[in-house]
file data.cif (mmCIF, C-alpha atoms)
data_model
#
loop_
_atom_site.label_atom_id
_atom_site.label_comp_id
_atom_site.auth_asym_id
_atom_site.auth_seq_id
_atom_site.Cartn_x
_atom_site.Cartn_y
_atom_site.Cartn_z
CA MET A 222 0.31 -4.58 10.76
CA SER A 223 0.85 -2.78 14.07
CA MET A 224 0.33 0.92 14.60
CA LYS A 225 3.02 3.57 14.84
CA ALA A 226 2.71 7.09 16.23
CA SER A 227 5.20 9.92 15.93
CA THR A 228 4.72 13.50 17.08
CA ARG A 229 5.93 16.87 15.82
CA GLN A 230 5.25 20.46 16.83
CA VAL A 231 4.01 23.15 14.45
CA ASP A 232 3.03 26.62 15.77
CA GLY A 233 2.07 25.30 19.20
CA VAL A 234 0.05 22.41 17.81
CA THR A 235 1.15 18.81 18.35
CA ILE A 236 0.65 16.76 15.20
CA VAL A 237 0.49 13.02 15.78
CA ASP A 238 1.25 11.09 12.60
CA LEU A 239 -0.40 7.69 12.94
CA SER A 240 0.08 4.74 10.62
CA GLY A 241 -1.31 1.21 10.61
CA ARG A 242 -4.48 -0.09 12.20
CA ILE A 243 -6.26 1.33 15.24
CA THR A 244 -7.84 -1.85 16.54
CA LEU A 245 -8.45 -3.73 19.77
CA GLY A 246 -5.08 -4.36 21.40
CA GLU A 247 -1.85 -2.69 20.42
CA GLY A 248 -3.23 -0.05 18.06
CA SER A 249 -5.71 1.29 20.58
CA VAL A 250 -3.10 1.24 23.36
CA VAL A 251 -0.58 3.21 21.28
CA LEU A 252 -3.15 5.94 20.61
CA ARG A 253 -4.30 6.03 24.25
CA ASP A 254 -0.74 6.24 25.62
CA THR A 255 0.30 8.89 23.11
CA VAL A 256 -2.62 11.21 23.95
CA LYS A 257 -2.19 10.58 27.69
CA ASP A 258 1.51 11.44 27.43
CA LEU A 259 0.80 14.67 25.53
CA LEU A 260 -1.84 15.80 28.02
CA GLY A 261 0.59 14.98 30.85
CA LYS A 262 3.07 17.38 29.28
CA GLY A 263 0.45 20.09 28.95
CA GLN A 264 0.16 19.75 25.16
CA LYS A 265 -3.55 20.26 24.64
CA LYS A 266 -3.76 21.26 20.96
CA ILE A 267 -3.61 17.91 19.21
CA LEU A 268 -4.03 17.13 15.52
CA LEU A 269 -4.30 13.41 14.75
CA ASN A 270 -3.08 12.74 11.22
CA LEU A 271 -4.93 9.58 10.11
CA GLY A 272 -3.69 9.70 6.50
CA ASP A 273 -1.82 6.40 6.87
CA VAL A 274 -4.39 4.67 9.08
CA SER A 275 -5.76 1.89 6.92
CA TYR A 276 -8.37 0.49 9.27
CA ILE A 277 -10.25 1.18 12.49
CA ASP A 278 -12.54 -1.22 14.37
CA SER A 279 -15.12 -0.49 17.08
CA SER A 280 -12.38 -0.45 19.71
CA GLY A 281 -10.38 2.06 17.67
CA ILE A 282 -13.46 4.25 17.26
CA GLY A 283 -13.90 4.11 21.03
CA GLU A 284 -10.29 5.15 21.49
CA LEU A 285 -10.73 8.15 19.18
CA VAL A 286 -13.81 9.18 21.16
CA SER A 287 -11.91 8.72 24.42
CA ALA A 288 -9.03 10.87 23.14
CA PHE A 289 -11.48 13.56 22.02
CA THR A 290 -13.28 13.74 25.37
CA SER A 291 -10.04 13.52 27.43
CA VAL A 292 -8.53 16.48 25.58
CA ARG A 293 -11.74 18.48 25.74
CA ASN A 294 -12.16 17.79 29.47
CA GLN A 295 -8.75 19.32 30.03
CA GLY A 296 -9.69 22.45 28.11
CA GLY A 297 -7.86 21.44 24.94
CA GLU A 298 -8.78 20.71 21.34
CA LEU A 299 -8.38 17.56 19.27
CA LYS A 300 -8.90 17.54 15.52
CA LEU A 301 -8.58 14.86 12.86
CA LEU A 302 -6.63 15.24 9.62
CA HIS A 303 -6.56 13.37 6.30
CA LEU A 304 -9.15 10.62 6.78
CA THR A 305 -8.89 7.68 4.40
CA LYS A 306 -12.12 6.70 2.66
CA LYS A 307 -12.63 3.69 4.94
CA VAL A 308 -12.20 5.73 8.10
CA HIS A 309 -14.32 8.57 6.72
CA ASP A 310 -17.15 6.16 5.88
CA LEU A 311 -16.93 4.53 9.30
CA LEU A 312 -17.20 7.88 11.09
CA GLN A 313 -20.16 8.77 8.85
CA ILE A 314 -22.15 5.62 9.65
CA THR A 315 -21.43 5.92 13.37
CA LYS A 316 -22.55 9.59 13.24
CA LEU A 317 -19.21 10.71 14.64
CA TYR A 318 -18.12 12.65 11.56
CA THR A 319 -19.91 15.76 12.77
CA VAL A 320 -18.73 15.28 16.36
CA PHE A 321 -15.06 15.44 15.39
CA ASP A 322 -13.53 18.48 13.73
CA VAL A 323 -12.18 16.89 10.55
CA LYS A 324 -9.68 18.72 8.32
CA ASP A 325 -8.18 17.96 4.90
CA ASP A 326 -5.37 20.50 4.93
CA GLU A 327 -2.64 20.55 7.59
CA ALA A 328 -1.90 24.28 7.44
CA ALA A 329 -5.59 25.15 7.64
CA ALA A 330 -6.04 22.73 10.52
CA ILE A 331 -3.23 24.37 12.50
CA THR A 332 -4.68 27.83 11.88
CA ALA A 333 -8.08 26.60 13.07
CA PHE A 334 -6.75 25.77 16.53
CA GLY A 335 -7.80 28.48 18.93
CA ALA A 336 -9.64 30.33 16.19
CA LYS A 337 -13.11 29.32 17.27
CA MET B 147 -22.90 -21.84 -9.08
CA THR B 148 -20.47 -22.88 -6.35
CA ALA B 149 -21.25 -26.10 -4.45
CA PRO B 150 -22.02 -25.59 -0.76
CA GLN B 151 -18.86 -25.50 1.33
CA ARG B 152 -18.54 -25.52 5.09
CA VAL B 153 -15.44 -25.02 7.19
CA SER B 154 -15.16 -24.85 10.99
CA TYR B 155 -12.45 -23.74 13.39
CA ARG B 156 -12.06 -24.03 17.15
CA LEU B 157 -10.09 -21.00 18.28
CA GLU B 158 -8.45 -19.81 21.50
CA SER B 159 -9.87 -16.74 23.25
CA THR B 160 -7.10 -14.42 22.09
CA LEU B 161 -6.58 -11.31 20.00
CA GLU B 162 -4.65 -13.48 17.53
CA SER B 163 -7.85 -15.46 16.93
CA VAL B 164 -9.74 -12.22 16.24
CA ASN B 165 -7.13 -11.16 13.65
CA LYS B 166 -7.00 -14.64 12.11
CA ALA B 167 -10.81 -14.81 11.80
CA GLU B 168 -10.87 -11.42 10.11
CA GLU B 169 -8.28 -12.54 7.55
CA MET B 170 -10.12 -15.81 6.90
CA ALA B 171 -13.41 -13.94 6.44
CA ASP B 172 -11.85 -11.72 3.79
CA GLN B 173 -10.41 -14.73 1.91
CA ILE B 174 -13.60 -16.78 2.09
CA ALA B 175 -15.75 -13.80 1.07
CA SER B 176 -13.45 -13.35 -1.92
CA GLN B 177 -13.83 -17.02 -2.89
CA ALA B 178 -17.60 -16.67 -2.49
CA GLY B 179 -17.59 -13.89 -5.09
CA PHE B 180 -18.19 -10.73 -3.07
CA ASP B 181 -16.71 -7.44 -4.32
CA GLU B 182 -13.90 -5.68 -2.43
CA ASP B 183 -16.06 -3.21 -0.49
CA THR B 184 -18.49 -5.94 0.60
CA ARG B 185 -15.59 -8.20 1.61
CA GLY B 186 -14.24 -5.42 3.84
CA GLY B 187 -17.63 -5.11 5.52
CA ILE B 188 -17.94 -8.87 6.03
CA ALA B 189 -14.41 -9.02 7.49
CA MET B 190 -15.24 -6.17 9.86
CA ALA B 191 -18.51 -7.82 10.96
CA VAL B 192 -16.66 -11.09 11.65
CA ARG B 193 -13.97 -9.17 13.55
CA GLU B 194 -16.63 -7.49 15.70
CA GLY B 195 -18.39 -10.82 16.30
CA MET B 196 -15.10 -12.39 17.34
CA ILE B 197 -14.31 -9.45 19.67
CA ASN B 198 -17.72 -9.98 21.22
CA ALA B 199 -16.98 -13.68 21.75
CA VAL B 200 -13.36 -13.40 22.91
CA LEU B 201 -13.61 -10.25 25.01
CA HIS B 202 -17.20 -9.99 26.25
CA GLY B 203 -18.15 -13.69 26.09
CA ASN B 204 -15.10 -15.72 27.07
CA ALA B 205 -13.29 -12.77 28.72
CA TYR B 206 -9.93 -14.04 27.37
CA ASP B 207 -10.35 -17.21 29.48
CA PRO B 208 -7.67 -19.65 28.20
CA ALA B 209 -9.93 -22.60 29.13
CA LYS B 210 -12.71 -21.38 26.82
CA ARG B 211 -12.83 -21.63 23.04
CA VAL B 212 -14.64 -19.87 20.20
CA ASN B 213 -16.18 -21.94 17.40
CA LEU B 214 -16.13 -20.21 14.03
CA THR B 215 -17.92 -21.64 10.99
CA PHE B 216 -18.11 -20.32 7.43
CA GLU B 217 -20.71 -21.80 5.11
CA GLN B 218 -20.99 -20.84 1.45
CA THR B 219 -24.16 -21.91 -0.29
CA GLY B 220 -23.55 -20.20 -3.61
CA LYS B 221 -26.23 -17.63 -2.80
CA GLU B 222 -25.04 -16.44 0.59
CA LEU B 223 -22.25 -16.63 3.12
CA VAL B 224 -23.27 -17.71 6.61
CA VAL B 225 -20.80 -17.14 9.46
CA THR B 226 -21.46 -18.59 12.90
CA ILE B 227 -19.47 -17.53 15.98
CA THR B 228 -20.10 -19.35 19.26
CA ASP B 229 -18.52 -18.54 22.61
CA GLU B 230 -18.65 -20.24 26.01
CA GLY B 231 -19.37 -17.14 28.07
CA LYS B 232 -22.20 -15.99 30.30
CA GLY B 233 -24.29 -14.70 27.42
CA PHE B 234 -25.94 -11.32 27.00
CA VAL B 235 -29.13 -9.70 25.78
CA PRO B 236 -28.36 -7.77 22.56
CA ASP B 237 -31.50 -5.66 22.88
CA GLU B 238 -30.14 -4.26 26.14
CA VAL B 239 -27.13 -2.75 24.37
CA PRO B 240 -27.86 1.00 24.05
CA ASP B 241 -28.32 2.49 20.57
CA PRO B 242 -24.84 3.89 19.73
CA LEU B 243 -26.38 6.44 17.34
CA ALA B 244 -28.56 8.08 20.03
CA PRO B 245 -27.21 11.57 20.80
CA GLU B 246 -26.64 10.69 24.46
CA ASN B 247 -24.52 7.67 23.46
CA LEU B 248 -22.42 9.16 20.65
CA LEU B 249 -19.47 9.88 22.94
CA LYS B 250 -19.50 6.50 24.66
CA GLU B 251 -16.30 4.55 24.18
CA SER B 252 -17.92 1.17 23.58
CA GLY B 253 -21.15 -0.39 22.32
CA ARG B 254 -20.68 -0.09 18.52
CA GLY B 255 -19.79 -3.71 17.69
CA ILE B 256 -23.31 -5.05 17.20
CA PHE B 257 -24.29 -1.93 15.25
CA LEU B 258 -21.34 -2.47 12.87
CA MET B 259 -22.27 -6.15 12.39
CA ARG B 260 -25.84 -5.14 11.51
CA THR B 261 -24.59 -2.38 9.20
CA PHE B 262 -22.41 -4.65 7.07
CA MET B 263 -24.45 -7.87 7.04
CA ASP B 264 -27.94 -8.61 5.66
CA GLU B 265 -28.96 -10.55 8.73
CA VAL B 266 -27.56 -10.83 12.26
CA ARG B 267 -29.03 -13.28 14.76
CA PHE B 268 -28.17 -13.93 18.40
CA ARG B 269 -29.03 -17.14 20.19
CA LYS B 270 -28.54 -17.85 23.86
CA LEU B 271 -27.14 -21.34 24.41
CA ASN B 272 -26.89 -23.36 27.63
CA SER B 273 -23.36 -22.13 27.92
CA GLY B 274 -22.56 -19.15 25.75
CA THR B 275 -23.90 -17.15 22.84
CA GLU B 276 -24.15 -17.96 19.14
CA ILE B 277 -23.98 -15.13 16.61
CA THR B 278 -25.04 -15.85 13.04
CA LEU B 279 -23.99 -13.39 10.33
CA ILE B 280 -25.51 -13.71 6.84
CA LYS B 281 -24.51 -11.89 3.66
CA ARG B 282 -26.32 -12.60 0.41
CA LEU B 283 -24.67 -12.36 -2.99
CA GLN B 284 -26.21 -9.69 -5.19
CA THR B 285 -27.03 -10.37 -8.84
CA ASN B 286 -23.86 -8.62 -10.06
CA ASP B 287 -21.75 -10.70 -7.63
CA LEU B 288 -23.33 -13.90 -8.97
CA ASP B 289 -22.72 -12.79 -12.59
CA ARG B 290 -19.05 -12.14 -11.79
CA GLU B 291 -18.69 -15.47 -10.02
CA GLU B 292 -20.20 -17.37 -12.95
CA ALA B 293 -18.01 -15.51 -15.42
CA SER B 294 -14.88 -16.51 -13.50
CA ALA B 295 -16.00 -20.14 -12.98
#

call {"tool": "encode", "arguments": {"input": "data.cif", "output": "structure tokens"}}
result
Amino acid sequence: MSMKASTRQVDGVTIVDLSGRITLGEGSVVLRDTVKDLLGKGQKKILLNLGDVSYIDSSGIGELVSAFTSVRNQGGELKLLHLTKKVHDLLQITKLYTVFDVKDDEAAAITAFGAK
Amino acid sequence: MTAPQRVSYRLESTLESVNKAEEMADQIASQAGFDEDTRGGIAMAVREGMINAVLHGNAYDPAKRVNLTFEQTGKELVVTITDEGKGFVPDEVPDPLAPENLLKESGRGIFLMRTFMDEVRFRKLNSGTEITLIKRLQTNDLDREEASA
């Protein structure tokens, strides 16, 4: 199954709803292009909704890390929302769970942007 | 107990081969009697091994192939992935869990293979690298397999 990404705006935060697999090839490219496009438009508060992401491989993990550092380097914030168990476990074993700001509730995640 | 079974494939150096190998690993691990979580880990380890072979070994070279072998012995599943690339030294791959490497974009494939398998071996060949991935059936897996036999 390929990956799909759609974006919506809520209170100045861009929510990217992702579904499918973030893996080497198409999935990673879709994520990379989406984040690059948002940064190009000056949208630097990004919430990646991974609720419908069934699977991530090492390439997909690398793409999440790349998105995180790209946004941060431009003075923005990137957070993750609704991790599935598989993705949660993978971020735990790679020690990235504490690197990312992971949220379970969309409204709370939006409020958290800029409220450091 | 299942009789030993061995199946081999010669695959092109493409992403399709990576996806196909992952699917086959899940099916064969299921036939071998592994539970769902373990099957997912085996499939991911095979995927990462195939990415290593196709991307880092053969560099998508259409003239080069990847040999993939699954062997079920009844006690363990042995997966062998062989590429025709330049080879590499796994010990030189930086530890992806070290604080200074956490934000690196690559370098987690071998770590994931070692996480999900009981044994991971690398062997430098005259032309290429051979990765051997071994997962042993636990007692409860063997009980389930015998009950369904």

call {"tool": "closest_atom_pairs", "arguments": {"input": "data.cif", "of": "chain A", "to": "chain B", "cutoff": "10 Å", "atoms": "all atoms listed in the file", "output": "JSON lines"}}
result
{"residue": "A:Thr244", "atom": "CA", "partner": "B:Asn165", "partner_atom": "CA", "distance": 9.8}
{"residue": "A:Leu245", "atom": "CA", "partner": "B:Leu161", "partner_atom": "CA", "distance": 7.8}
{"residue": "A:Gly246", "atom": "CA", "partner": "B:Leu161", "partner_atom": "CA", "distance": 7.2}
{"residue": "A:Glu247", "atom": "CA", "partner": "B:Leu161", "partner_atom": "CA", "distance": 9.8}
{"residue": "A:Tyr276", "atom": "CA", "partner": "B:Met190", "partner_atom": "CA", "distance": 9.6}
{"residue": "A:Ile277", "atom": "CA", "partner": "B:Met190", "partner_atom": "CA", "distance": 9.3}
{"residue": "A:Asp278", "atom": "CA", "partner": "B:Met190", "partner_atom": "CA", "distance": 7.2}
{"residue": "A:Ser279", "atom": "CA", "partner": "B:Gly255", "partner_atom": "CA", "distance": 5.7}
{"residue": "A:Ser280", "atom": "CA", "partner": "B:Ser252", "partner_atom": "CA", "distance": 6.9}
{"residue": "A:Gly281", "atom": "CA", "partner": "B:Glu251", "partner_atom": "CA", "distance": 9.1}
{"residue": "A:Ile282", "atom": "CA", "partner": "B:Glu251", "partner_atom": "CA", "distance": 7.5}
{"residue": "A:Gly283", "atom": "CA", "partner": "B:Glu251", "partner_atom": "CA", "distance": 4.0}
{"residue": "A:Glu284", "atom": "CA", "partner": "B:Glu251", "partner_atom": "CA", "distance": 6.6}
{"residue": "A:Leu285", "atom": "CA", "partner": "B:Glu251", "partner_atom": "CA", "distance": 8.3}
{"residue": "A:Val286", "atom": "CA", "partner": "B:Leu249", "partner_atom": "CA", "distance": 6.0}
{"residue": "A:Ser287", "atom": "CA", "partner": "B:Glu251", "partner_atom": "CA", "distance": 6.1}
{"residue": "A:Ala288", "atom": "CA", "partner": "B:Glu251", "partner_atom": "CA", "distance": 9.7}
{"residue": "A:Phe289", "atom": "CA", "partner": "B:Leu249", "partner_atom": "CA", "distance": 8.8}
{"residue": "A:Thr290", "atom": "CA", "partner": "B:Leu249", "partner_atom": "CA", "distance": 7.7}
{"residue": "A:Lys307", "atom": "CA", "partner": "B:Gly186", "partner_atom": "CA", "distance": 9.3}
{"residue": "A:Leu311", "atom": "CA", "partner": "B:Leu258", "partner_atom": "CA", "distance": 9.0}
{"residue": "A:Ile314", "atom": "CA", "partner": "B:Thr261", "partner_atom": "CA", "distance": 8.4}
{"residue": "A:Thr315", "atom": "CA", "partner": "B:Leu243", "partner_atom": "CA", "distance": 6.4}
{"residue": "A:Lys316", "atom": "CA", "partner": "B:Leu243", "partner_atom": "CA", "distance": 6.4}
{"residue": "A:Leu317", "atom": "CA", "partner": "B:Leu248", "partner_atom": "CA", "distance": 7.0}
{"residue": "A:Val320", "atom": "CA", "partner": "B:Leu248", "partner_atom": "CA", "distance": 8.3}

call {"tool": "write_last_selection", "arguments": {"input": "data.cif", "atoms": "C-alpha atoms", "output": "compact mmCIF listing (two decimals), in the frame of the given file"}}
result
# COMPACT_ATOMS: atom_id res chain seq x y z
CA THR A 244 -7.84 -1.85 16.54
CA LEU A 245 -8.45 -3.73 19.77
CA GLY A 246 -5.08 -4.36 21.40
CA GLU A 247 -1.85 -2.69 20.42
CA TYR A 276 -8.37 0.49 9.27
CA ILE A 277 -10.25 1.18 12.49
CA ASP A 278 -12.54 -1.22 14.37
CA SER A 279 -15.12 -0.49 17.08
CA SER A 280 -12.38 -0.45 19.71
CA GLY A 281 -10.38 2.06 17.67
CA ILE A 282 -13.46 4.25 17.26
CA GLY A 283 -13.90 4.11 21.03
CA GLU A 284 -10.29 5.15 21.49
CA LEU A 285 -10.73 8.15 19.18
CA VAL A 286 -13.81 9.18 21.16
CA SER A 287 -11.91 8.72 24.42
CA ALA A 288 -9.03 10.87 23.14
CA PHE A 289 -11.48 13.56 22.02
CA THR A 290 -13.28 13.74 25.37
CA LYS A 307 -12.63 3.69 4.94
CA LEU A 311 -16.93 4.53 9.30
CA ILE A 314 -22.15 5.62 9.65
CA THR A 315 -21.43 5.92 13.37
CA LYS A 316 -22.55 9.59 13.24
CA LEU A 317 -19.21 10.71 14.64
CA VAL A 320 -18.73 15.28 16.36

call {"tool": "closest_residue", "arguments": {"input": "data.cif", "among": "A:Leu268, A:Val251, A:Ala226, A:Ile243", "to": "Ala333 in chain A", "atoms": "only C-alpha atoms"}}
result
A:Leu268

call {"tool": "residues_around", "arguments": {"input": "data.cif", "residues": "Asp172 in chain B", "least_positions_apart": "3", "cutoff": "9 Å", "atoms": "all atoms listed in the file", "output": "VMD selection string"}}
result
chain B and resid 167 to 169 175 to 177 182 185 to 190

call {"tool": "residues_around", "arguments": {"input": "data.cif", "residues": "Val234 in chain A", "least_positions_apart": "4", "cutoff": "7 Å", "atoms": "only C-alpha atoms", "output": "JSON, numbers by chain"}}
result
{"A": [230, 266, 267, 331]}

call {"tool": "resolve_selection", "arguments": {"input": "data.cif", "expression": "the PyMOL selection byres ((chain A and resi 304) around 10)", "output": "CSV table (one decimal) with C-alpha atoms, in the coordinates of the input"}}
result
chain,number,residue,atom,x,y,z
A,269,LEU,CA,-4.3,13.4,14.8
A,270,ASN,CA,-3.1,12.7,11.2
A,271,LEU,CA,-4.9,9.6,10.1
A,272,GLY,CA,-3.7,9.7,6.5
A,273,ASP,CA,-1.8,6.4,6.9
A,274,VAL,CA,-4.4,4.7,9.1
A,275,SER,CA,-5.8,1.9,6.9
A,301,LEU,CA,-8.6,14.9,12.9
A,302,LEU,CA,-6.6,15.2,9.6
A,303,HIS,CA,-6.6,13.4,6.3
A,305,THR,CA,-8.9,7.7,4.4
A,306,LYS,CA,-12.1,6.7,2.7
A,307,LYS,CA,-12.6,3.7,4.9
A,308,VAL,CA,-12.2,5.7,8.1
A,309,HIS,CA,-14.3,8.6,6.7
A,310,ASP,CA,-17.2,6.2,5.9
A,312,LEU,CA,-17.2,7.9,11.1
A,323,VAL,CA,-12.2,16.9,10.6
A,324,LYS,CA,-9.7,18.7,8.3
A,325,ASP,CA,-8.2,18.0,4.9

call {"tool": "atom_distance", "arguments": {"input": "data.cif", "atom1": "CA of Phe321 in chain A", "atom2": "CA of Ser249 in chain A"}}
result
17.7 Å

call {"tool": "atom_distance", "arguments": {"input": "data.cif", "atom1": "CA of Phe334 in chain A", "atom2": "CA of Lys225 in chain A"}}
result
24.3 Å

call {"tool": "closest_residue", "arguments": {"input": "data.cif", "among": "B:Val200, B:Leu223, B:Val212, B:Leu157", "to": "Ala178 in chain B", "atoms": "all atoms listed in the file"}}
result
B:Leu223

call {"tool": "residues_around", "arguments": {"input": "data.cif", "residues": "Ser273 in chain B", "least_positions_apart": "4", "cutoff": "10 Å", "atoms": "only C-alpha atoms", "output": "PyMOL selection string"}}
result
chain B and resi 228-233

call {"tool": "decode", "arguments": {"input": "data.cif", "residues": "range 150-232 of chain B", "atoms": "C-alpha atoms", "output": "short mmCIF file (atom, residue, chain, number, x, y, z; two decimals), in the first residue's frame"}}
result
data_model
loop_
_atom_site.label_atom_id
_atom_site.label_comp_id
_atom_site.auth_asym_id
_atom_site.auth_seq_id
_atom_site.Cartn_x
_atom_site.Cartn_y
_atom_site.Cartn_z
CA PRO B 150 13.39 -29.09 6.91
CA GLN B 151 12.39 -26.93 3.96
CA ARG B 152 14.58 -24.71 1.84
CA VAL B 153 13.54 -22.25 -0.84
CA SER B 154 15.74 -19.87 -2.84
CA TYR B 155 15.06 -16.87 -5.05
CA ARG B 156 17.26 -14.84 -7.38
CA LEU B 157 15.90 -11.30 -7.35
CA GLU B 158 16.52 -8.08 -9.27
CA SER B 159 18.06 -5.12 -7.44
CA THR B 160 14.80 -3.21 -7.15
CA LEU B 161 12.41 -1.86 -4.53
CA GLU B 162 9.85 -4.40 -5.76
CA SER B 163 12.24 -7.17 -4.69
CA VAL B 164 12.51 -5.60 -1.23
CA ASN B 165 8.71 -5.52 -0.87
CA LYS B 166 8.34 -9.05 -2.26
CA ALA B 167 10.98 -10.44 0.13
CA GLU B 168 9.24 -8.80 3.08
CA GLU B 169 5.91 -10.40 2.11
CA MET B 170 7.52 -13.82 1.60
CA ALA B 171 9.26 -13.56 4.98
CA ASP B 172 5.95 -12.93 6.71
CA GLN B 173 4.31 -15.91 4.96
CA ILE B 174 7.19 -18.29 5.60
CA ALA B 175 7.50 -17.19 9.24
CA SER B 176 3.79 -17.89 9.61
CA GLN B 177 4.21 -21.39 8.13
CA ALA B 178 7.17 -21.95 10.46
CA GLY B 179 4.91 -21.29 13.45
CA PHE B 180 6.01 -17.87 14.70
CA ASP B 181 3.43 -15.63 16.40
CA GLU B 182 2.21 -12.41 14.78
CA ASP B 183 4.54 -10.01 16.61
CA THR B 184 7.59 -12.17 15.90
CA ARG B 185 6.58 -12.51 12.24
CA GLY B 186 6.45 -8.72 11.95
CA GLY B 187 9.95 -8.47 13.36
CA ILE B 188 11.29 -11.17 11.04
CA ALA B 189 9.66 -9.46 8.03
CA MET B 190 11.21 -6.14 9.05
CA ALA B 191 14.67 -7.71 9.50
CA VAL B 192 14.42 -9.31 6.04
CA ARG B 193 13.27 -5.99 4.58
CA GLU B 194 16.26 -4.21 6.13
CA GLY B 195 18.64 -6.93 4.91
CA MET B 196 17.21 -6.61 1.40
CA ILE B 197 17.52 -2.80 1.51
CA ASN B 198 21.14 -3.29 2.49
CA ALA B 199 21.70 -5.63 -0.46
CA VAL B 200 19.72 -3.73 -3.11
CA LEU B 201 20.61 -0.17 -2.12
CA HIS B 202 23.99 -0.28 -0.39
CA GLY B 203 25.35 -3.48 -1.96
CA ASN B 204 24.16 -3.63 -5.56
CA ALA B 205 23.28 0.10 -5.73
CA TYR B 206 20.20 -0.70 -7.87
CA ASP B 207 22.52 -2.06 -10.60
CA PRO B 208 20.23 -3.91 -13.07
CA ALA B 209 23.10 -6.29 -13.93
CA LYS B 210 23.41 -7.45 -10.31
CA ARG B 211 21.12 -9.84 -8.46
CA VAL B 212 20.26 -10.63 -4.84
CA ASN B 213 20.02 -14.25 -3.72
CA LEU B 214 17.46 -14.83 -0.99
CA THR B 215 17.11 -18.17 0.79
CA PHE B 216 14.69 -19.24 3.52
CA GLU B 217 15.41 -22.45 5.40
CA GLN B 218 13.07 -23.87 8.02
CA THR B 219 14.51 -26.59 10.21
CA GLY B 220 11.56 -26.99 12.55
CA LYS B 221 13.52 -25.31 15.33
CA GLU B 222 14.58 -22.12 13.60
CA LEU B 223 14.20 -20.04 10.48
CA VAL B 224 17.42 -19.16 8.68
CA VAL B 225 17.32 -16.39 6.06
CA THR B 226 20.32 -15.73 3.84
CA ILE B 227 20.62 -12.59 1.68
CA THR B 228 23.56 -12.30 -0.70
CA ASP B 229 24.39 -9.31 -2.88
CA GLU B 230 27.03 -8.72 -5.56
CA GLY B 231 28.25 -5.36 -4.30
CA LYS B 232 31.53 -4.00 -3.00
#
